[in-house]
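Peer 1: Have a peek at target03.pdb (PDB, C-alpha atoms, pLDDT in the B column).
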```pdb
ATOM      1  CA  MET I   1       1.143  28.656   1.783  1.00 87.00           C
ATOM      2  CA  MET I   2       3.033  25.538   0.735  1.00 94.00           C
ATOM      3  CA  LEU I   3       0.743  23.095  -1.053  1.00 96.00           C
ATOM      4  CA  LEU I   4       3.188  20.345  -1.970  1.00 97.00           C
ATOM      5  CA  GLU I   5       6.571  19.325  -0.580  1.00 97.00           C
ATOM      6  CA  ILE I   6       8.665  16.574  -2.141  1.00 98.00           C
ATOM      7  CA  LYS I   7      11.864  15.331  -0.516  1.00 98.00           C
ATOM      8  CA  ASN I   8      14.452  12.945  -1.946  1.00 98.00           C
ATOM      9  CA  LEU I   9      11.944  11.141  -4.188  1.00 98.00           C
ATOM     10  CA  HIS I  10      13.146   8.034  -6.015  1.00 98.00           C
ATOM     11  CA  LYS I  11      11.298   5.773  -8.422  1.00 98.00           C
ATOM     12  CA  ILE I  12      12.883   2.566  -9.696  1.00 98.00           C
ATOM     13  CA  TYR I  13      10.700   0.490 -12.014  1.00 97.00           C
ATOM     14  CA  ASP I  14      10.688  -3.314 -12.001  1.00 96.00           C
ATOM     15  CA  ASN I  15      12.856  -3.372 -15.141  1.00 96.00           C
ATOM     16  CA  GLY I  16      15.582  -1.481 -13.271  1.00 96.00           C
ATOM     17  CA  THR I  17      14.960   1.958 -14.793  1.00 96.00           C
ATOM     18  CA  HIS I  18      15.794   4.632 -12.209  1.00 98.00           C
ATOM     19  CA  ALA I  19      13.265   7.241 -13.380  1.00 97.00           C
ATOM     20  CA  LEU I  20      13.540   9.679 -10.453  1.00 98.00           C
ATOM     21  CA  LYS I  21      16.793  10.199  -8.565  1.00 98.00           C
ATOM     22  CA  GLY I  22      16.337  12.147  -5.373  1.00 97.00           C
ATOM     23  CA  ILE I  23      13.869  14.803  -6.515  1.00 98.00           C
ATOM     24  CA  SER I  24      13.219  17.548  -3.949  1.00 98.00           C
ATOM     25  CA  LEU I  25      10.970  20.545  -4.562  1.00 96.00           C
ATOM     26  CA  HIS I  26       8.109  22.532  -3.115  1.00 96.00           C
ATOM     27  CA  VAL I  27       5.035  24.072  -4.743  1.00 97.00           C
ATOM     28  CA  ASN I  28       3.093  26.953  -3.237  1.00 97.00           C
ATOM     29  CA  GLU I  29      -0.634  27.511  -3.570  1.00 97.00           C
ATOM     30  CA  GLY I  30      -1.565  29.391  -6.739  1.00 96.00           C
ATOM     31  CA  GLU I  31       1.594  28.583  -8.686  1.00 97.00           C
ATOM     32  CA  PHE I  32       1.675  27.555 -12.319  1.00 98.00           C
ATOM     33  CA  LEU I  33       4.710  25.273 -12.270  1.00 98.00           C
ATOM     34  CA  VAL I  34       5.891  23.805 -15.555  1.00 97.00           C
ATOM     35  CA  VAL I  35       8.167  20.752 -15.749  1.00 97.00           C
ATOM     36  CA  ILE I  36      10.326  20.445 -18.863  1.00 95.00           C
ATOM     37  CA  GLY I  37      12.861  17.959 -20.183  1.00 93.00           C
ATOM     38  CA  LEU I  38      13.456  15.353 -22.847  1.00 91.00           C
ATOM     39  CA  SER I  39      11.190  12.333 -23.205  1.00 90.00           C
ATOM     40  CA  GLY I  40      12.318   9.832 -20.584  1.00 92.00           C
ATOM     41  CA  SER I  41      13.611  12.517 -18.222  1.00 95.00           C
ATOM     42  CA  GLY I  42      11.071  11.571 -15.524  1.00 96.00           C
ATOM     43  CA  LYS I  43       8.361  14.207 -16.047  1.00 96.00           C
ATOM     44  CA  SER I  44       5.401  11.813 -16.300  1.00 96.00           C
ATOM     45  CA  THR I  45       6.743   9.617 -13.512  1.00 97.00           C
ATOM     46  CA  LEU I  46       6.888  12.644 -11.215  1.00 97.00           C
ATOM     47  CA  LEU I  47       3.248  13.588 -11.824  1.00 97.00           C
ATOM     48  CA  ARG I  48       2.105   9.987 -11.438  1.00 96.00           C
ATOM     49  CA  CYS I  49       3.903   9.715  -8.114  1.00 96.00           C
ATOM     50  CA  ILE I  50       2.237  12.918  -6.888  1.00 96.00           C
ATOM     51  CA  ASN I  51      -1.190  11.627  -7.931  1.00 93.00           C
ATOM     52  CA  ARG I  52      -0.362   8.176  -6.539  1.00 92.00           C
ATOM     53  CA  LEU I  53      -1.045   6.444  -9.852  1.00 93.00           C
ATOM     54  CA  ILE I  54       2.282   4.760  -9.131  1.00 94.00           C
ATOM     55  CA  GLU I  55       4.063   4.168  -5.842  1.00 94.00           C
ATOM     56  CA  PRO I  56       7.402   5.908  -5.261  1.00 96.00           C
ATOM     57  CA  THR I  57      10.286   3.640  -4.327  1.00 96.00           C
ATOM     58  CA  SER I  58      11.445   5.962  -1.549  1.00 97.00           C
ATOM     59  CA  GLY I  59      11.225   9.549  -0.420  1.00 97.00           C
ATOM     60  CA  SER I  60       8.461  11.766   0.892  1.00 96.00           C
ATOM     61  CA  ILE I  61       5.520  13.627  -0.638  1.00 97.00           C
ATOM     62  CA  LYS I  62       3.517  15.964   1.588  1.00 95.00           C
ATOM     63  CA  PHE I  63       0.239  17.548   0.465  1.00 95.00           C
ATOM     64  CA  PHE I  64      -0.896  20.405   2.720  1.00 93.00           C
ATOM     65  CA  ASP I  65       1.791  19.226   5.179  1.00 92.00           C
ATOM     66  CA  LYS I  66       0.346  15.702   5.335  1.00 92.00           C
ATOM     67  CA  GLU I  67       2.430  12.718   4.295  1.00 93.00           C
ATOM     68  CA  ILE I  68       0.691  11.016   1.342  1.00 92.00           C
ATOM     69  CA  THR I  69       3.418   8.745   0.013  1.00 91.00           C
ATOM     70  CA  HIS I  70       1.943   5.475   1.213  1.00 86.00           C
ATOM     71  CA  VAL I  71      -1.702   6.243   1.975  1.00 89.00           C
ATOM     72  CA  LYS I  72      -4.250   3.646   0.896  1.00 89.00           C
ATOM     73  CA  GLY I  73      -7.980   2.905   0.867  1.00 88.00           C
ATOM     74  CA  GLU I  74     -10.361   5.675   1.908  1.00 86.00           C
ATOM     75  CA  GLU I  75      -7.498   8.034   2.680  1.00 88.00           C
ATOM     76  CA  LEU I  76      -6.140   7.603  -0.856  1.00 87.00           C
ATOM     77  CA  ARG I  77      -9.601   8.150  -2.352  1.00 85.00           C
ATOM     78  CA  LYS I  78      -9.959  11.436  -0.450  1.00 86.00           C
ATOM     79  CA  LEU I  79      -6.530  12.520  -1.626  1.00 88.00           C
ATOM     80  CA  LYS I  80      -7.321  11.807  -5.275  1.00 86.00           C
ATOM     81  CA  SER I  81     -10.528  13.835  -5.006  1.00 87.00           C
ATOM     82  CA  GLN I  82      -8.381  16.920  -4.366  1.00 92.00           C
ATOM     83  CA  ILE I  83      -5.916  16.313  -7.208  1.00 94.00           C
ATOM     84  CA  GLY I  84      -7.171  16.544 -10.795  1.00 93.00           C
ATOM     85  CA  MET I  85      -5.292  14.987 -13.710  1.00 93.00           C
ATOM     86  CA  VAL I  86      -5.357  15.794 -17.421  1.00 94.00           C
ATOM     87  CA  PHE I  87      -3.597  13.373 -19.764  1.00 90.00           C
ATOM     88  CA  GLN I  88      -2.081  13.718 -23.216  1.00 86.00           C
ATOM     89  CA  GLN I  89      -4.559  11.260 -24.760  1.00 86.00           C
ATOM     90  CA  PHE I  90      -7.694  12.746 -23.097  1.00 86.00           C
ATOM     91  CA  ASN I  91      -8.881   9.377 -21.627  1.00 87.00           C
ATOM     92  CA  LEU I  92     -12.535   9.996 -22.441  1.00 92.00           C
ATOM     93  CA  ILE I  93     -15.243   7.354 -22.799  1.00 90.00           C
ATOM     94  CA  LYS I  94     -15.701   7.922 -26.506  1.00 90.00           C
ATOM     95  CA  ARG I  95     -19.197   6.465 -26.928  1.00 91.00           C
ATOM     96  CA  ARG I  96     -20.665   8.499 -24.087  1.00 91.00           C
ATOM     97  CA  SER I  97     -21.782  12.095 -24.249  1.00 93.00           C
ATOM     98  CA  VAL I  98     -19.599  15.047 -23.381  1.00 96.00           C
ATOM     99  CA  LEU I  99     -21.803  15.741 -20.359  1.00 94.00           C
ATOM    100  CA  SER I 100     -21.492  12.160 -19.111  1.00 91.00           C
ATOM    101  CA  ASN I 101     -17.710  12.303 -19.447  1.00 92.00           C
ATOM    102  CA  VAL I 102     -17.557  15.492 -17.419  1.00 94.00           C
ATOM    103  CA  ILE I 103     -19.737  14.038 -14.673  1.00 91.00           C
ATOM    104  CA  ASN I 104     -17.304  11.116 -14.492  1.00 87.00           C
ATOM    105  CA  GLY I 105     -14.959  13.514 -12.731  1.00 86.00           C
ATOM    106  CA  LYS I 106     -17.278  13.359  -9.743  1.00 83.00           C
ATOM    107  CA  LEU I 107     -17.732   9.578  -9.616  1.00 68.00           C
ATOM    108  CA  GLY I 108     -15.892   9.256  -6.325  1.00 64.00           C
ATOM    109  CA  LYS I 109     -18.702  11.248  -4.703  1.00 66.00           C
ATOM    110  CA  LEU I 110     -21.639   9.547  -6.451  1.00 63.00           C
ATOM    111  CA  SER I 111     -23.299   6.201  -5.769  1.00 58.00           C
ATOM    112  CA  THR I 112     -22.348   3.250  -7.970  1.00 60.00           C
ATOM    113  CA  PHE I 113     -25.985   2.584  -8.894  1.00 52.00           C
ATOM    114  CA  ASP I 114     -26.676   6.169  -9.977  1.00 62.00           C
ATOM    115  CA  THR I 115     -23.499   6.086 -12.031  1.00 61.00           C
ATOM    116  CA  LEU I 116     -24.465   2.850 -13.798  1.00 59.00           C
ATOM    117  CA  ILE I 117     -27.869   4.158 -14.865  1.00 58.00           C
ATOM    118  CA  GLU I 118     -26.600   7.724 -15.324  1.00 70.00           C
ATOM    119  CA  ARG I 119     -29.112   9.175 -12.896  1.00 74.00           C
ATOM    120  CA  TYR I 120     -27.809  12.364 -11.360  1.00 80.00           C
ATOM    121  CA  SER I 121     -29.252  15.234  -9.356  1.00 85.00           C
ATOM    122  CA  ASP I 122     -30.041  18.615 -10.878  1.00 89.00           C
ATOM    123  CA  GLU I 123     -27.156  20.005  -8.840  1.00 91.00           C
ATOM    124  CA  VAL I 124     -24.668  17.613 -10.484  1.00 91.00           C
ATOM    125  CA  TYR I 125     -25.929  18.531 -13.963  1.00 92.00           C
ATOM    126  CA  LYS I 126     -25.696  22.231 -13.096  1.00 95.00           C
ATOM    127  CA  GLU I 127     -22.133  21.786 -11.900  1.00 94.00           C
ATOM    128  CA  ALA I 128     -21.176  19.872 -15.048  1.00 94.00           C
ATOM    129  CA  TYR I 129     -22.561  22.577 -17.316  1.00 96.00           C
ATOM    130  CA  SER I 130     -20.700  25.182 -15.262  1.00 96.00           C
ATOM    131  CA  CYS I 131     -17.423  23.302 -15.818  1.00 95.00           C
ATOM    132  CA  LEU I 132     -18.162  23.082 -19.549  1.00 96.00           C
ATOM    133  CA  ASP I 133     -18.836  26.821 -19.593  1.00 95.00           C
ATOM    134  CA  ILE I 134     -15.391  27.471 -18.139  1.00 94.00           C
ATOM    135  CA  VAL I 135     -13.768  25.789 -21.143  1.00 94.00           C
ATOM    136  CA  GLY I 136     -16.284  27.231 -23.614  1.00 93.00           C
ATOM    137  CA  ILE I 137     -17.865  24.021 -24.797  1.00 94.00           C
ATOM    138  CA  SER I 138     -21.259  23.727 -23.073  1.00 95.00           C
ATOM    139  CA  ASP I 139     -22.983  23.695 -26.483  1.00 95.00           C
ATOM    140  CA  LYS I 140     -21.425  20.260 -27.115  1.00 96.00           C
ATOM    141  CA  ALA I 141     -22.812  18.698 -23.923  1.00 95.00           C
ATOM    142  CA  LYS I 142     -25.207  16.227 -25.538  1.00 95.00           C
ATOM    143  CA  ILE I 143     -23.047  14.895 -28.364  1.00 95.00           C
ATOM    144  CA  ARG I 144     -20.704  11.899 -28.274  1.00 96.00           C
ATOM    145  CA  ALA I 145     -17.162  12.580 -27.139  1.00 95.00           C
ATOM    146  CA  ASP I 146     -15.618  10.847 -30.152  1.00 93.00           C
ATOM    147  CA  SER I 147     -17.290  13.313 -32.525  1.00 96.00           C
ATOM    148  CA  LEU I 148     -15.155  16.177 -31.198  1.00 95.00           C
ATOM    149  CA  SER I 149     -11.810  17.424 -32.454  1.00 93.00           C
ATOM    150  CA  GLY I 150      -8.692  16.732 -30.420  1.00 92.00           C
ATOM    151  CA  GLY I 151      -8.673  20.209 -28.924  1.00 93.00           C
ATOM    152  CA  GLN I 152     -12.335  19.950 -27.962  1.00 95.00           C
ATOM    153  CA  GLN I 153     -11.765  16.564 -26.350  1.00 94.00           C
ATOM    154  CA  GLN I 154      -8.959  18.007 -24.248  1.00 93.00           C
ATOM    155  CA  ARG I 155     -11.297  20.791 -23.127  1.00 95.00           C
ATOM    156  CA  VAL I 156     -13.769  18.121 -22.026  1.00 95.00           C
ATOM    157  CA  ALA I 157     -10.946  16.440 -20.094  1.00 94.00           C
ATOM    158  CA  ILE I 158     -10.177  19.731 -18.336  1.00 95.00           C
ATOM    159  CA  ALA I 159     -13.864  20.216 -17.490  1.00 95.00           C
ATOM    160  CA  ARG I 160     -13.984  16.656 -16.121  1.00 94.00           C
ATOM    161  CA  SER I 161     -11.057  17.385 -13.804  1.00 93.00           C
ATOM    162  CA  LEU I 162     -12.755  20.600 -12.623  1.00 94.00           C
ATOM    163  CA  MET I 163     -15.752  18.546 -11.419  1.00 92.00           C
ATOM    164  CA  GLN I 164     -13.501  17.457  -8.559  1.00 89.00           C
ATOM    165  CA  ASN I 165     -12.981  21.095  -7.531  1.00 91.00           C
ATOM    166  CA  PRO I 166      -9.295  20.180  -7.168  1.00 94.00           C
ATOM    167  CA  LYS I 167      -6.754  22.012  -5.067  1.00 95.00           C
ATOM    168  CA  LEU I 168      -4.059  20.814  -7.456  1.00 97.00           C
ATOM    169  CA  LEU I 169      -4.383  20.211 -11.192  1.00 97.00           C
ATOM    170  CA  LEU I 170      -1.756  18.036 -12.897  1.00 97.00           C
ATOM    171  CA  ALA I 171      -1.400  18.062 -16.684  1.00 97.00           C
ATOM    172  CA  ASP I 172       0.840  15.526 -18.405  1.00 95.00           C
ATOM    173  CA  GLU I 173       1.810  16.853 -21.858  1.00 93.00           C
ATOM    174  CA  PRO I 174      -1.751  18.133 -22.438  1.00 94.00           C
ATOM    175  CA  VAL I 175      -0.963  19.702 -25.841  1.00 92.00           C
ATOM    176  CA  ALA I 176       1.528  17.168 -27.220  1.00 88.00           C
ATOM    177  CA  SER I 177      -0.936  15.739 -29.746  1.00 85.00           C
ATOM    178  CA  LEU I 178      -2.468  19.066 -30.779  1.00 88.00           C
ATOM    179  CA  ASP I 179      -1.630  21.578 -33.495  1.00 87.00           C
ATOM    180  CA  PRO I 180       0.068  24.886 -32.502  1.00 83.00           C
ATOM    181  CA  ALA I 181      -3.042  27.090 -32.601  1.00 84.00           C
ATOM    182  CA  THR I 182      -5.057  24.605 -30.547  1.00 90.00           C
ATOM    183  CA  SER I 183      -2.158  24.200 -28.121  1.00 91.00           C
ATOM    184  CA  ASN I 184      -2.275  27.881 -27.197  1.00 91.00           C
ATOM    185  CA  SER I 185      -6.037  27.723 -26.811  1.00 91.00           C
ATOM    186  CA  ILE I 186      -5.822  24.787 -24.400  1.00 93.00           C
ATOM    187  CA  MET I 187      -3.061  26.440 -22.368  1.00 95.00           C
ATOM    188  CA  GLN I 188      -5.248  29.516 -21.995  1.00 94.00           C
ATOM    189  CA  TYR I 189      -7.854  27.388 -20.214  1.00 95.00           C
ATOM    190  CA  PHE I 190      -5.235  26.103 -17.776  1.00 96.00           C
ATOM    191  CA  GLU I 191      -4.188  29.714 -17.206  1.00 96.00           C
ATOM    192  CA  LYS I 192      -7.817  30.685 -16.596  1.00 95.00           C
ATOM    193  CA  VAL I 193      -8.267  27.917 -14.029  1.00 95.00           C
ATOM    194  CA  ASN I 194      -5.048  28.993 -12.322  1.00 96.00           C
ATOM    195  CA  LYS I 195      -5.652  32.755 -12.264  1.00 95.00           C
ATOM    196  CA  GLU I 196      -9.421  33.017 -11.902  1.00 93.00           C
ATOM    197  CA  PHE I 197     -10.039  30.079  -9.574  1.00 92.00           C
ATOM    198  CA  GLY I 198      -6.717  29.964  -7.750  1.00 94.00           C
ATOM    199  CA  THR I 199      -6.089  26.332  -8.632  1.00 96.00           C
ATOM    200  CA  THR I 200      -2.439  25.327  -8.422  1.00 98.00           C
ATOM    201  CA  VAL I 201      -1.221  23.821 -11.699  1.00 98.00           C
ATOM    202  CA  ILE I 202       1.738  21.536 -12.419  1.00 98.00           C
ATOM    203  CA  CYS I 203       2.102  20.951 -16.138  1.00 97.00           C
ATOM    204  CA  ASN I 204       4.591  18.969 -18.216  1.00 96.00           C
ATOM    205  CA  LEU I 205       5.463  20.714 -21.487  1.00 93.00           C
ATOM    206  CA  HIS I 206       7.983  20.487 -24.317  1.00 84.00           C
ATOM    207  CA  PHE I 207       7.740  23.866 -26.055  1.00 84.00           C
ATOM    208  CA  LEU I 208       9.617  26.703 -24.349  1.00 88.00           C
ATOM    209  CA  SER I 209       7.496  29.355 -26.076  1.00 88.00           C
ATOM    210  CA  LEU I 210       4.492  28.013 -24.136  1.00 92.00           C
ATOM    211  CA  VAL I 211       6.549  27.698 -20.968  1.00 92.00           C
ATOM    212  CA  ARG I 212       7.650  31.346 -21.134  1.00 92.00           C
ATOM    213  CA  ARG I 213       4.089  32.499 -21.717  1.00 93.00           C
ATOM    214  CA  TYR I 214       2.250  30.535 -19.027  1.00 95.00           C
ATOM    215  CA  ALA I 215       4.627  29.340 -16.292  1.00 96.00           C
ATOM    216  CA  THR I 216       5.298  31.266 -13.080  1.00 96.00           C
ATOM    217  CA  ARG I 217       8.193  28.912 -12.335  1.00 97.00           C
ATOM    218  CA  VAL I 218      10.009  26.123 -14.177  1.00 97.00           C
ATOM    219  CA  ILE I 219      11.932  23.012 -13.233  1.00 97.00           C
ATOM    220  CA  ALA I 220      13.911  21.027 -15.787  1.00 96.00           C
ATOM    221  CA  LEU I 221      14.568  17.302 -15.411  1.00 96.00           C
ATOM    222  CA  LYS I 222      17.369  15.362 -17.030  1.00 95.00           C
ATOM    223  CA  ALA I 223      17.829  11.633 -16.449  1.00 95.00           C
ATOM    224  CA  GLY I 224      15.595  11.803 -13.374  1.00 97.00           C
ATOM    225  CA  GLU I 225      17.310  14.762 -11.695  1.00 97.00           C
ATOM    226  CA  ILE I 226      16.487  18.468 -11.404  1.00 97.00           C
ATOM    227  CA  ILE I 227      19.085  20.440 -13.350  1.00 96.00           C
ATOM    228  CA  TYR I 228      17.283  23.813 -13.437  1.00 96.00           C
ATOM    229  CA  GLU I 229      14.805  25.594 -11.187  1.00 96.00           C
ATOM    230  CA  GLY I 230      13.802  29.197 -11.678  1.00 96.00           C
ATOM    231  CA  LEU I 231      11.982  31.707 -13.845  1.00 95.00           C
ATOM    232  CA  PRO I 232      11.065  30.792 -17.438  1.00 93.00           C
ATOM    233  CA  SER I 233      12.620  34.041 -18.697  1.00 92.00           C
ATOM    234  CA  ALA I 234      16.028  32.927 -17.426  1.00 93.00           C
ATOM    235  CA  ILE I 235      16.187  29.905 -19.764  1.00 90.00           C
ATOM    236  CA  ASP I 236      18.541  31.258 -22.408  1.00 88.00           C
ATOM    237  CA  GLU I 237      20.146  29.392 -25.302  1.00 86.00           C
ATOM    238  CA  SER I 238      22.863  27.992 -23.057  1.00 89.00           C
ATOM    239  CA  TRP I 239      20.329  26.523 -20.652  1.00 88.00           C
ATOM    240  CA  PHE I 240      18.270  25.219 -23.561  1.00 85.00           C
ATOM    241  CA  LYS I 241      21.297  23.265 -24.839  1.00 88.00           C
ATOM    242  CA  THR I 242      22.024  21.979 -21.344  1.00 89.00           C
ATOM    243  CA  ILE I 243      18.467  20.705 -20.933  1.00 89.00           C
ATOM    244  CA  TYR I 244      17.804  19.362 -24.415  1.00 85.00           C
ATOM    245  CA  GLY I 245      21.269  18.685 -25.846  1.00 79.00           C
ATOM    246  CA  GLU I 246      23.685  20.486 -28.159  1.00 69.00           C
ATOM    247  CA  GLU I 247      21.926  19.306 -31.312  1.00 63.00           C
ATOM    248  CA  ALA I 248      18.461  20.501 -30.228  1.00 59.00           C
ATOM    249  CA  GLU I 249      16.791  23.472 -31.872  1.00 61.00           C
ATOM    250  CA  GLU I 250      13.965  25.399 -30.281  1.00 63.00           C
ATOM    251  CA  VAL I 251      10.572  25.208 -31.989  1.00 60.00           C
ATOM    252  CA  GLU I 252       8.305  28.150 -31.261  1.00 64.00           C
ATOM    253  CA  ILE I 253       4.540  27.933 -30.971  1.00 61.00           C
ATOM    254  CA  ARG I 254       2.640  31.169 -31.547  1.00 61.00           C
TER     255      ARG I 254
END
```
Give the structure from this file in structure tokens form.

Peer 2:
Amino acid sequence: MMLLEIKNLHKIYDNGTHALKGISLHVNEGEFLVVIGLSGSGKSTLLRCINRLIEPTSGSIKFFDKEITHVKGEELRKLKSQIGMVFQQFNLIKRRSVLSNVINGKLGKLSTFDTLIERYSDEVYKEAYSCLDIVGISDKAKIRADSLSGGQQQRVAIARSLMQNPKLLLADEPVASLDPATSNSIMQYFEKVNKEFGTTVICNLHFLSLVRRYATRVIALKAGEIIYEGLPSAIDESWFKTIYGEEAEEVEIR
């Protein structure tokens, strides 16, 4: 079943930058789609348009066959509850506990007062611990987020997104600031969420070794346009040069 359909999507920023130039693609339920391309190619803009963190200039985005491009208010809040987002810089509240950060993923469904005093039901705590178990970090629940390593913080961010029970999980360069060994570890959690829970994943990545290992399908962006769409195994040296430039050399992460 088609989960996401994007047609002729454009994004022009106020400074005149034309970040997306007529992007059209579809994503089926259960896919692990990876978006690749140079910095500035439009990868982050695409994810932010899907999640409605920014407003597209024109074009159409349909989620479960429903137009979401210009929804607002309660309709937008309901949409965001179905789409999780993991960022490169984790976006945790550093002085709060790991458990509190994870529960923040459910704030749209909790009362403002309970959130302010951090008073939650046993069911919410149980769910949060379950999400931490998925990423193997439940033993860190009570400690401050800023005491964790970068890889551990990203695992907390993944657990936080899982509190939404999302239909679609977006990840914007989730391993860009991590070392190679940790990068593979984090990608394995995205793979687990995709394969074991059936969550559709769209992930921006740089390293083709990770793309070939985890993606079911790849699109490559260049200057805001799709220049490749297909299987990761089909990206040979010629395609690599086309996507990243003649002077680029592939760096492998094991």

Peer 1: Which one is closest to Ile143 of chain I: I:Ile158, I:Leu170, I:Asn101, I:Leu33? Count all atoms listed in the file.

Peer 2: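 So, comparing all the options, the nearest one is I:Asn101.
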
Peer 1: Selected by the PyMOL selection byres ((chain I and resi 79) around 12) in the shown coordinates: which residues, as a PyMOL selection string?

Peer 2: chain I and resi 50-53+62-64+66-78+80-84+108+164+166-168

Peer 1: Keeping C-alpha atoms for every residue in the selection just given, could you write it to a file as a tab-separated table (two decimals), keeping the file's coordinate frame?

Peer 2:
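What ended up in selection.tsv:
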```tsv
chain	number	residue	atom	x	y	z
I	50	ILE	CA	2.24	12.92	-6.89
I	51	ASN	CA	-1.19	11.63	-7.93
I	52	ARG	CA	-0.36	8.18	-6.54
I	53	LEU	CA	-1.04	6.44	-9.85
I	62	LYS	CA	3.52	15.96	1.59
I	63	PHE	CA	0.24	17.55	0.46
I	64	PHE	CA	-0.90	20.40	2.72
I	66	LYS	CA	0.35	15.70	5.34
I	67	GLU	CA	2.43	12.72	4.30
I	68	ILE	CA	0.69	11.02	1.34
I	69	THR	CA	3.42	8.74	0.01
I	70	HIS	CA	1.94	5.48	1.21
I	71	VAL	CA	-1.70	6.24	1.98
I	72	LYS	CA	-4.25	3.65	0.90
I	73	GLY	CA	-7.98	2.90	0.87
I	74	GLU	CA	-10.36	5.68	1.91
I	75	GLU	CA	-7.50	8.03	2.68
I	76	LEU	CA	-6.14	7.60	-0.86
I	77	ARG	CA	-9.60	8.15	-2.35
I	78	LYS	CA	-9.96	11.44	-0.45
I	80	LYS	CA	-7.32	11.81	-5.28
I	81	SER	CA	-10.53	13.84	-5.01
I	82	GLN	CA	-8.38	16.92	-4.37
I	83	ILE	CA	-5.92	16.31	-7.21
I	84	GLY	CA	-7.17	16.54	-10.80
I	108	GLY	CA	-15.89	9.26	-6.32
I	164	GLN	CA	-13.50	17.46	-8.56
I	166	PRO	CA	-9.30	20.18	-7.17
I	167	LYS	CA	-6.75	22.01	-5.07
I	168	LEU	CA	-4.06	20.81	-7.46
```

Peer 1: Applying 7 Å and only C-alpha atoms, which residues near segment 24-31 of chain I remain after dropping the ones on its own chain fewer than 5 positions away? List them as an MDAnalysis selection string.

Peer 2: chainID I and resid 1:9 194 198:201 216

Peer 1: (-8.5, 24.4, -15.0) in this file's frame - what residues fall within 12 Å of it? Use all atoms listed in the file and give the answer as an mmCIF file with C-alpha atoms, in the coordinates of the input.

Peer 2:
```cif
data_model
loop_
_atom_site.group_PDB
_atom_site.id
_atom_site.type_symbol
_atom_site.label_atom_id
_atom_site.label_comp_id
_atom_site.auth_asym_id
_atom_site.auth_seq_id
_atom_site.Cartn_x
_atom_site.Cartn_y
_atom_site.Cartn_z
ATOM 1 C CA GLY I 30 -1.565 29.391 -6.739
ATOM 2 C CA PHE I 32 1.675 27.555 -12.319
ATOM 3 C CA ILE I 83 -5.916 16.313 -7.208
ATOM 4 C CA GLY I 84 -7.171 16.544 -10.795
ATOM 5 C CA MET I 85 -5.292 14.987 -13.710
ATOM 6 C CA VAL I 86 -5.357 15.794 -17.421
ATOM 7 C CA CYS I 131 -17.423 23.302 -15.818
ATOM 8 C CA LEU I 132 -18.162 23.082 -19.549
ATOM 9 C CA ASP I 133 -18.836 26.821 -19.593
ATOM 10 C CA ILE I 134 -15.391 27.471 -18.139
ATOM 11 C CA VAL I 135 -13.768 25.789 -21.143
ATOM 12 C CA GLY I 136 -16.284 27.231 -23.614
ATOM 13 C CA GLN I 154 -8.959 18.007 -24.248
ATOM 14 C CA ARG I 155 -11.297 20.791 -23.127
ATOM 15 C CA VAL I 156 -13.769 18.121 -22.026
ATOM 16 C CA ALA I 157 -10.946 16.440 -20.094
ATOM 17 C CA ILE I 158 -10.177 19.731 -18.336
ATOM 18 C CA ALA I 159 -13.864 20.216 -17.490
ATOM 19 C CA ARG I 160 -13.984 16.656 -16.121
ATOM 20 C CA SER I 161 -11.057 17.385 -13.804
ATOM 21 C CA LEU I 162 -12.755 20.600 -12.623
ATOM 22 C CA MET I 163 -15.752 18.546 -11.419
ATOM 23 C CA GLN I 164 -13.501 17.457 -8.559
ATOM 24 C CA ASN I 165 -12.981 21.095 -7.531
ATOM 25 C CA PRO I 166 -9.295 20.180 -7.168
ATOM 26 C CA LYS I 167 -6.754 22.012 -5.067
ATOM 27 C CA LEU I 168 -4.059 20.814 -7.456
ATOM 28 C CA LEU I 169 -4.383 20.211 -11.192
ATOM 29 C CA LEU I 170 -1.756 18.036 -12.897
ATOM 30 C CA ALA I 171 -1.400 18.062 -16.684
ATOM 31 C CA PRO I 174 -1.751 18.133 -22.438
ATOM 32 C CA ILE I 186 -5.822 24.787 -24.400
ATOM 33 C CA MET I 187 -3.061 26.440 -22.368
ATOM 34 C CA GLN I 188 -5.248 29.516 -21.995
ATOM 35 C CA TYR I 189 -7.854 27.388 -20.214
ATOM 36 C CA PHE I 190 -5.235 26.103 -17.776
ATOM 37 C CA GLU I 191 -4.188 29.714 -17.206
ATOM 38 C CA LYS I 192 -7.817 30.685 -16.596
ATOM 39 C CA VAL I 193 -8.267 27.917 -14.029
ATOM 40 C CA ASN I 194 -5.048 28.993 -12.322
ATOM 41 C CA LYS I 195 -5.652 32.755 -12.264
ATOM 42 C CA GLU I 196 -9.421 33.017 -11.902
ATOM 43 C CA PHE I 197 -10.039 30.079 -9.574
ATOM 44 C CA GLY I 198 -6.717 29.964 -7.750
ATOM 45 C CA THR I 199 -6.089 26.332 -8.632
ATOM 46 C CA THR I 200 -2.439 25.327 -8.422
ATOM 47 C CA VAL I 201 -1.221 23.821 -11.699
ATOM 48 C CA ILE I 202 1.738 21.536 -12.419
ATOM 49 C CA CYS I 203 2.102 20.951 -16.138
#
```

Peer 1: Expand the PyMOL selection byres ((chain I and resi 128) around 7) into the individual residues it matches in the shown file, reporting them as number ranges by chain.

Peer 2: I: 99, 102-103, 124-127, 129-132, 163

Peer 1: Tell me, in Å to one decimal, how far atom CA of Val211 of chain I is from atom CA of Tyr13 of chain I.

Peer 2: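 Separation of atom CA of Val211 of chain I and atom CA of Tyr13 of chain I: 28.9 Å.
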
Peer 1: Any chance you could work out the residue set of the PyMOL selection byres ((chain I and resi 38-46) around 6) here, as an mmCIF file with C-alpha atoms, in the frame of the given file?

Peer 2:
```cif
data_model
loop_
_atom_site.group_PDB
_atom_site.id
_atom_site.type_symbol
_atom_site.label_atom_id
_atom_site.label_comp_id
_atom_site.auth_asym_id
_atom_site.auth_seq_id
_atom_site.Cartn_x
_atom_site.Cartn_y
_atom_site.Cartn_z
ATOM 1 C CA ALA I 19 13.265 7.241 -13.380
ATOM 2 C CA LEU I 20 13.540 9.679 -10.453
ATOM 3 C CA GLY I 37 12.861 17.959 -20.183
ATOM 4 C CA LEU I 47 3.248 13.588 -11.824
ATOM 5 C CA ARG I 48 2.105 9.987 -11.438
ATOM 6 C CA CYS I 49 3.903 9.715 -8.114
ATOM 7 C CA LEU I 221 14.568 17.302 -15.411
ATOM 8 C CA LYS I 222 17.369 15.362 -17.030
ATOM 9 C CA ALA I 223 17.829 11.633 -16.449
ATOM 10 C CA GLY I 224 15.595 11.803 -13.374
#
```
